[in-house]
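*Asks:* Quick one: this structure, given as structure tokens, is what I'll be asking you about.
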Amino acid sequence: MNKTVLHAPAIGRRGLMGAGLSALALGADPRRAAAASRVNIECDAGQNELPFRWNAAALETKEGVTPNLVSLPFVGQYEKLVTDLTARSSAYDVLVFPPYFLGDFQALGFLRELDPYFSLLDPRLADYLPVYRDPVIKRAGKTYALMFDGDLLQLSYRTDLFNDPKEKAAFKQKYGQDLAVPATWADFMKVAEFFHRPPHLYGTAFYAARGFCYAWFVNIFAGLGGHWFDAKMNPGIKSAAGYKALSLLVEMKKYAPPNILQIDYPTLNQVFLDGSTAIVVQWDDLPLKCENPKMSKVVGKSGFAPCPQRSYMPYSRVMAVSAFSKNPKDAYKLAAYMQLPEVGITYVYDPECGEDPYRESYLKPSAVKNHLGQPTMSPAAAANYVDAIRGGLKAGYPELSIPGAPRYIDILDLYVNQALAGSLSPKAALDACAGEWAGITEAEGPERVGKAYADWVASFRKVGLAY
Amino acid sequence: MPAAALLAARRRFAWWLMAPALAMFAANAVFPLLYALDVSVRNYQLLIPVPARFVGLANYAQIFSDPLFWSSVKVTLWFIAGVVFLELPAALGLALLFASLPRRAGVAVTVLLVPTILAPSVVGFQWAQIYNYQFGPLNYLLGLAGLGHPVWTASPTLALPSLIAIDFWEWTPFMVLLLFAGLSAVPRDIIEAARVDGSSYPQIFRRIMLPLMRPVIGIALVLRVLMSFKTFDIIYILTAGGPGAVTENLAYYTYIQGFRYFNLGYASALAVIQLIVVAALANALLRLARRPGLVGTA
């Protein structure tokens, strides 16, 4: 492992004093800090910056790099990055973004291939969960990114309600079956309907606001056997599975809070954490917040499980090195350090940030601790949580990551949102969306995008994901 | 020096004096316009690594068959109509009220301007709080009055009126200021003469004040229609065009095409169409304001 500082800048007295003071402030060795190289990290503002802040001092002392966070708003991150990178801006060295940008970014030459830098710091990819290793960070066998956050949708439900004998009896009487964690979407609808007792308890809630409502549709669509495209790049959403999935999502609104069209990530967390919702599909960092007494009214009353049939894997975050970075070696070292098994473990289970596990070694209940090393939930809850992640990943359904993916996804989100708003019927919305998708495919070049799609599908079939 | 030569030298000197301003105008206005026109007839997609090719009027043809374009036109027109029909009478009423107050009360006009001088992002975030379904003060008060908890910006029926209400709050003071200025310029002696002749206040307003204020009303309308046409900030912050596309106006749709999908040819064609529509609209309104016998000549 090479830990020499590769690009030590010439430094004057003032600079030395400044660097020394900043290093002292971080509790680091001033002599090393004086030689540290500054690496600009682009990251969406908020909780996802915390791991870099927590590791700033260690990065300086161990790798000789000083992280400098350049925060971008979560909404509009793609637009800002494309604008800057198209102008070949060297404002960022490390880029933190969701993998669905990767298809575009790699095709447009915005990213550096990372394999040549592996000798600087071994990223230990063998420990990555297979679903993240090849399908997410590689293109055509070359590594373009390293994991930072492994996202997955999963069920969080109220165990106090599900285990209540009176509720069980009433459910059995109404539906003729046992009250259980739903394994199919039909069962999910029954549970949502059964527990819908407004205004104090709502059956369910989901991300219905513009931005990510598509993910809650794809989650059902995947469970019903839907595919993004067929082999000829015909949109898979224009199908019986698509229509049924969107109809179910629209129907689900009946069992949700009245402001459902306003519900986004924090609001969805809130309606479960405040105890007003019986069951939700949410990203897999919700359980960490559920078991945190500072954030939750449902501590010890929550159970976690994979989504019915398939678990969609929307968003996630990877770290890549900008092709226009003037400091690529140090940028790589920073990214590689942040995802080392012993570093990643400090943040993937911390309830204050939004990162989720992406390594096999993280999937054990004893690893569920915050960045200070303290357990973040009871051993039983941790075991349940880790089982839910493992089960979800086994039936994971990857987020589209081919050239044009941000446009395919944003258009899908718009039309799903139109159906949820009642402006279009589910069929009309998906048919219109399929028409737009065909236009994107035509513009991207059907052969080019078709090949990228086929390669991408093959990559996750190779790691055992059914598709 | 002969007179003709002197005149020519003066003209040359005048051109030299104007040259920097003309160069700036060409660089800042003419070149971008010509560039946008050029891009609008090309298949220019920033994210597709193939050279942009000339496609003639294909982008324009695509626009007219694009349902999202027509939906955004509809939203834009509703927004403008809401703004004009609500703001103008309210602003006129307030201007009349302020005009009838003692001179020192004119300071109230300055206070009234606060919403207009706030940064649009501040206005957006402030109203996002006011409209918050669960914690917003508006729903709290409505709840106390037993009027329920509307979902302001996420309801397909309430979202657009909610945005119009914000625009009303933000820009009515600006209209008041313009109309108040216009009202202050109405000669007092004509009003006094009408009073002496026994005219009632409604008669004075309809027959004297309103005709004399028409040029100012015309200018205020042109400004507000143009500003409403370009509304972007509150939509971006509060609804992102949703739910669905019920608040996606032309300006926002152009932004989506240009800066989210980086479909620059199509976005430029949209921008050119907007430019033509806005220019035609402004021209029509200004002609109306100058029409003899209708405005400005009373």
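Letters for chains follow the order of the structure tokens (A, B, ...), residue numbers begin at 1 for each chain, and ligand numbers begin at 1 in the order shown.
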Tell me, as a ChimeraX atom specification, which residues lie within 12 Å of Val181 in chain A, counting only C-alpha atoms; anything in the same chain fewer than 4 positions away does not count.
*Replies:* /A:154-159,161-163,168,177,185-192,278-280,302-308,388
*Asks:* Could you please write out, as a PyMOL selection string, every residue of range 55-244 of chain B that DSSP assigns to alpha helix (DSSP H)?
*Replies:* chain B and resi 58-64+67-100+107-112+114-117+120-130+137-144+159-184+188-196+201-204+210-229+233-238
*Asks:* May I have the residues of chain B within 12 Å of chain A, counting only C-alpha atoms, written as a ChimeraX atom specification?
*Replies:* /B:43-50,52,62,66-68,71,128,131-135,148-159,236-248,253,255-263
*Asks:* Go ahead and write the residues just picked, C-alpha atoms, as a short mmCIF file (atom, residue, chain, number, x, y, z; two decimals), in the first residue's frame.
*Replies:*
data_model
loop_
_atom_site.label_atom_id
_atom_site.label_comp_id
_atom_site.auth_asym_id
_atom_site.auth_seq_id
_atom_site.Cartn_x
_atom_site.Cartn_y
_atom_site.Cartn_z
CA ASN B 43 -30.75 17.33 -33.49
CA TYR B 44 -28.50 18.55 -30.66
CA GLN B 45 -28.54 16.28 -27.62
CA LEU B 46 -25.72 16.99 -25.21
CA LEU B 47 -25.73 13.50 -23.70
CA ILE B 48 -25.55 11.57 -26.93
CA PRO B 49 -21.98 11.37 -28.18
CA VAL B 50 -22.79 11.84 -31.85
CA ALA B 52 -25.63 17.24 -34.01
CA GLN B 62 -42.38 17.48 -32.77
CA ASP B 66 -46.11 16.73 -27.96
CA PRO B 67 -48.92 16.34 -25.39
CA LEU B 68 -46.67 17.65 -22.60
CA SER B 71 -50.39 20.59 -21.30
CA ALA B 128 -43.69 25.64 1.39
CA TYR B 131 -48.72 25.16 2.82
CA ASN B 132 -47.25 22.24 4.77
CA TYR B 133 -50.01 19.71 5.20
CA GLN B 134 -49.15 18.68 8.72
CA PHE B 135 -47.27 21.54 10.34
CA GLY B 148 -60.20 20.48 7.25
CA HIS B 149 -56.62 20.11 6.10
CA PRO B 150 -56.30 20.67 2.36
CA VAL B 151 -53.25 19.24 0.62
CA TRP B 152 -52.36 22.50 -1.08
CA THR B 153 -49.50 21.85 -3.45
CA ALA B 154 -49.98 18.10 -3.87
CA SER B 155 -53.61 18.18 -4.87
CA PRO B 156 -54.26 18.04 -8.62
CA THR B 157 -57.04 20.59 -8.20
CA LEU B 158 -55.45 22.91 -5.65
CA ALA B 159 -51.80 22.94 -6.77
CA TYR B 236 -39.32 24.58 -9.05
CA ILE B 237 -39.35 24.94 -5.27
CA LEU B 238 -42.92 24.02 -4.40
CA THR B 239 -44.21 21.47 -6.89
CA ALA B 240 -41.48 20.60 -9.41
CA GLY B 241 -44.26 20.73 -12.00
CA GLY B 242 -46.38 18.17 -10.15
CA PRO B 243 -48.49 16.47 -9.13
CA GLY B 244 -48.19 14.83 -12.51
CA ALA B 245 -47.75 17.81 -14.82
CA VAL B 246 -50.57 19.98 -13.49
CA THR B 247 -48.23 22.85 -12.59
CA GLU B 248 -45.66 22.36 -15.35
CA TYR B 253 -41.05 22.35 -19.39
CA TYR B 255 -36.02 23.80 -18.38
CA ILE B 256 -36.77 20.07 -18.11
CA GLN B 257 -36.02 19.50 -21.78
CA GLY B 258 -32.92 21.67 -21.75
CA PHE B 259 -31.32 21.03 -18.41
CA ARG B 260 -32.63 17.69 -17.24
CA TYR B 261 -32.72 15.82 -20.54
CA PHE B 262 -30.10 18.07 -22.22
CA ASN B 263 -32.19 17.90 -25.38
#
*Asks:* What is the distance, in Å and to one decimal place, between CA of Gln339 in chain A and CA of Tyr467 in chain A?
*Replies:*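 We find that CA of Gln339 in chain A and CA of Tyr467 in chain A lie 28.4 Å from each other.
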*Asks:* I want to know what sits within 7 Å of Ser316 in chain A, based on only C-alpha atoms, with residues of the same chain fewer than 4 positions away left out; could you give that as a PyMOL selection string?
*Replies:* chain A and resi 98-99+149-151
*Asks:* Go ahead and save the residues from that selection, with N, CA and C atoms, as a PDB file, in the first residue's frame.
*Replies:*
ATOM      1  N   PRO A  98     -25.613   8.437  -7.927  1.00  0.00           N
ATOM      2  CA  PRO A  98     -26.274   7.135  -8.013  1.00  0.00           C
ATOM      3  C   PRO A  98     -25.851   6.405  -9.283  1.00  0.00           C
ATOM      4  N   PRO A  99     -25.800   5.075  -9.240  1.00  0.00           N
ATOM      5  CA  PRO A  99     -25.292   4.320 -10.405  1.00  0.00           C
ATOM      6  C   PRO A  99     -26.105   4.508 -11.675  1.00  0.00           C
ATOM      7  N   ASP A 149     -22.856   3.397  -1.013  1.00  0.00           N
ATOM      8  CA  ASP A 149     -24.176   3.210  -0.405  1.00  0.00           C
ATOM      9  C   ASP A 149     -24.924   2.163  -1.230  1.00  0.00           C
ATOM     10  N   GLY A 150     -25.332   1.094  -0.586  1.00  0.00           N
ATOM     11  CA  GLY A 150     -26.057   0.046  -1.314  1.00  0.00           C
ATOM     12  C   GLY A 150     -27.534   0.089  -0.973  1.00  0.00           C
ATOM     13  N   ASP A 151     -28.312   0.635  -1.876  1.00  0.00           N
ATOM     14  CA  ASP A 151     -29.736   0.849  -1.556  1.00  0.00           C
ATOM     15  C   ASP A 151     -30.621  -0.317  -1.973  1.00  0.00           C
TER      16      ASP A 151
END
*Asks:* Tell me which of B:Leu286, B:Ala8, B:Ala91, B:Ala279 sits closest to Ala181 in chain B, counting only C-alpha atoms.
*Replies:*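 Of B:Leu286, B:Ala8, B:Ala91, B:Ala279, the one nearest Ala181 in chain B, counting only C-alpha atoms, is B:Ala91.
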*Asks:* I'd like a table as a tab-separated table: residues in range 45-139 of chain B with an atom no more than 10 Å from range 184-193 of chain B, each row giving the shortest atom pair and its distance in Å to one decimal, only C-alpha atoms counted, sorted by chain and rising residue number.
*Replies:*
residue	atom	partner	partner_atom	distance
B:Ala95	CA	B:Ser184	CA	9.4
B:Leu96	CA	B:Ser184	CA	9.7
B:Ala99	CA	B:Ser184	CA	7.2
*Asks:* Only C-alpha atoms, please: the residues just picked out, written as an mmCIF file, in the first residue's frame.
*Replies:*
data_model
loop_
_atom_site.group_PDB
_atom_site.id
_atom_site.type_symbol
_atom_site.label_atom_id
_atom_site.label_comp_id
_atom_site.auth_asym_id
_atom_site.auth_seq_id
_atom_site.Cartn_x
_atom_site.Cartn_y
_atom_site.Cartn_z
ATOM 1 C CA ALA B 95 -54.212 51.796 -5.180
ATOM 2 C CA LEU B 96 -57.506 53.698 -4.822
ATOM 3 C CA ALA B 99 -54.747 57.344 -2.813
#
